[in-house]
Every structure is written in structure tokens, then in C-alpha cells.
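These notes are about the structure you will find just below.
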Amino acid sequence: MATKIRLQRGGRKGYAFYSIVIADVRAPRDGKFTEKIGTYNPNTNPATVDLKFDRALYWVEAGAQPTDTVRNILSGEGVYLMKHLRGGVKKGAFDEAAAQQKFDAWKADRQKGLQAIAAKQADEAKKAAAERLNAEKKADEAKKAQIAEKVAALEAAAKEAAAEAEAAAAEAEAPAEAEAPAEEAPAAE
């Protein structure tokens, strides 16, 4: 029986979640499977992989053919590296302890690289947040300057209107004072 290591889709519409399964080549994507060896969630950043490493290694060594996506997942988890190292042990190039040491060194280096990527993403997020804050501050300052200009223009207009009102009131009082003595004179006669 020819076996495949493939993804079996689950999850809701628009939010795919996959199981990594061992299935017969003739079985449909979401059909019967022999064994579930892990899960793959592409919705997180970075994608989350939960894998039964020993079972995956067993099936790869047994000749199960992975799909392209599963091959990338298994390579990223180190299954193919361990298969390669075990081949070296079988040929007598080095012993099991040396193979495990090389694998552990690779895994530590990979973790360091992932941490560096996460730190870089965090720094970029901080820089983007700082840039947004600076742009918002500049926009606020520009808005405050516009408001200050409008307030100054309104105050100047109010002062002009008050001065015109005072001038009009003074004009109205001046003719009234001039007319008032004239009226008093006929009354005295």
C-alpha cells in the first residue's frame, strides 16, 4: 500500500486548520487516514506546527511520500535532517551521540534565528508605532495652529465689531446731545 503524508483540512470557513495525517494515496483529502501525526495552523504568525516527531520520522523512513507543503513543514521541524543523520550513523560515518549532538546544535541555531526574527518584528512594530505617534502629534499641532488662527481672526473681528459699535453709539449720542439743547430752548420761551 502506497502511503502519503498530507494535510487534512478542518476549521471554519476563512480560518483553515490542518491535521497532518498518514493516508493511502487513493484516499480523498478529508477521507480515511491511517494515523494523525500532528497539526498545522497557518493563521498564526509564524505558523504553528505541533508534530509527533518520532512518528513523522518513522513514516518518512518507511517510505511515505509527503505533499509539497508537508515536506516543507517536516524540513522546518528537522525530520529530514534527522533522517539524513541516521543514514550517516547506518553507514558508520559517526555514532548516534554525534548525530544527536549535530541535531541539537541545528535546533538551537534555528531557535536563535526564530528569536532574532521575532525581535526584529517587535522592533519594526515599535518603530511603526513611534512613527504613527509622531505623525499624529504633527497633525494635532497643525490642527491647533489652524484653530488658533481662526480664534485670532474671530477675536479681531469681534474687536472690530465692538469698536464699530462703540463708534456708532458715540455717533448716536453726539447728535442726541446736539438736539437736546435745541429742544430745551423753545420750552423756556
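By order in the C-alpha cells, chains are A, B, ...; within a chain, residues start at 1; ligands start at 1, following the order shown.
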Exercise. Got a sec to tell me which of region 10-123 of chain A DSSP assigns to strand (DSSP E), as a list in words?
Worked result: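 The residues of region 10-123 of chain A classed as strand (DSSP E) are Gly10, Gly11, Arg12, Tyr15, Ala16, Phe17, Tyr18, Ser19, Ile20, Val21, Ile22, Ala23, Asp24, Glu35, Lys36, Ile37, Gly38, Thr39, Tyr40, Asn41, Thr48, Val49, Asp50, Leu51, Gln65 and Pro66 of chain A.
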Exercise. Which neighbours of region 11-21 of chain A fall inside 7 Å, counting only C-alpha atoms, when residues of the same chain fewer than 6 positions from it are skipped, and could you give them as a PyMOL selection string?
Worked result: chain A and resi 5+33+35-41+43
Would you write out those residues with N, CA, C and O atoms, as a short mmCIF file (atom, residue, chain, number, x, y, z; two decimals), in the first residue's frame?
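Result file again-v4.cif:
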data_model
loop_
_atom_site.label_atom_id
_atom_site.label_comp_id
_atom_site.auth_asym_id
_atom_site.auth_seq_id
_atom_site.Cartn_x
_atom_site.Cartn_y
_atom_site.Cartn_z
N ILE A 5 1.93 11.39 3.22
CA ILE A 5 1.79 12.27 4.38
C ILE A 5 1.18 13.54 3.82
O ILE A 5 1.76 14.20 2.96
N PHE A 33 -7.87 7.99 7.15
CA PHE A 33 -6.43 8.08 7.28
C PHE A 33 -5.95 7.01 8.25
O PHE A 33 -6.71 6.49 9.06
N GLU A 35 -3.06 7.36 10.40
CA GLU A 35 -2.59 7.91 11.67
C GLU A 35 -2.49 9.43 11.57
O GLU A 35 -2.11 9.97 10.53
N LYS A 36 -2.80 10.09 12.66
CA LYS A 36 -2.63 11.55 12.75
C LYS A 36 -1.31 11.81 13.47
O LYS A 36 -1.13 11.35 14.61
N ILE A 37 -0.40 12.53 12.81
CA ILE A 37 0.92 12.76 13.42
C ILE A 37 1.15 14.21 13.83
O ILE A 37 2.22 14.53 14.35
N GLY A 38 0.18 15.08 13.60
CA GLY A 38 0.38 16.46 14.03
C GLY A 38 -0.68 17.39 13.50
O GLY A 38 -1.64 16.98 12.85
N THR A 39 -0.50 18.69 13.81
CA THR A 39 -1.41 19.73 13.34
C THR A 39 -0.59 20.88 12.77
O THR A 39 0.58 21.07 13.12
N TYR A 40 -1.25 21.66 11.93
CA TYR A 40 -0.62 22.82 11.28
C TYR A 40 -1.64 23.94 11.25
O TYR A 40 -2.74 23.78 10.72
N ASN A 41 -1.30 25.09 11.85
CA ASN A 41 -2.19 26.25 11.88
C ASN A 41 -1.51 27.41 11.16
O ASN A 41 -0.64 28.07 11.73
N ASN A 43 -2.75 30.24 10.41
CA ASN A 43 -3.37 31.53 10.73
C ASN A 43 -2.55 32.35 11.71
O ASN A 43 -2.80 33.55 11.85
#
Problem set entry | Test item: residues at most 12 Å from Ala97 (chain A), only C-alpha atoms, excluding those fewer than 4 positions along its chain, as a list in words |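 Here the answer would be Leu85, Arg86, Gly88, Val89, Ala93, Gln101, Lys102, Phe103 and Asp104 of chain A.
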For this session: Record the distance separating CA of Pro66 (chain A) and CA of Leu7 (chain A), expressed in Å with one decimal.
Result: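 Atom-to-atom, CA of Pro66 (chain A) to CA of Leu7 (chain A), that is 9.2 Å.
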Exercise. Can you tell me, as a PyMOL selection string, what residues are no more than 12 Å from Pro28 (chain A) when counting only C-alpha atoms, ignoring any on the same chain fewer than 4 positions away?
Worked result: chain A and resi 4+6-9+21-24+32-33
Atoms to include: C-alpha atoms. Write the selected residues as a short mmCIF file (atom, residue, chain, number, x, y, z; two decimals), in the first residue's frame.
data_model
loop_
_atom_site.label_atom_id
_atom_site.label_comp_id
_atom_site.auth_asym_id
_atom_site.auth_seq_id
_atom_site.Cartn_x
_atom_site.Cartn_y
_atom_site.Cartn_z
CA LYS A 4 1.17 9.72 1.67
CA ARG A 6 -0.74 15.01 3.68
CA LEU A 7 -2.81 17.77 5.22
CA GLN A 8 -6.43 17.17 6.18
CA ARG A 9 -8.46 20.38 6.29
CA VAL A 21 -2.06 12.62 8.57
CA ILE A 22 -0.77 9.40 7.06
CA ALA A 23 -3.24 8.22 4.43
CA ASP A 24 -3.50 5.86 1.49
CA LYS A 32 -9.95 7.95 5.94
CA PHE A 33 -6.43 8.08 7.28
#
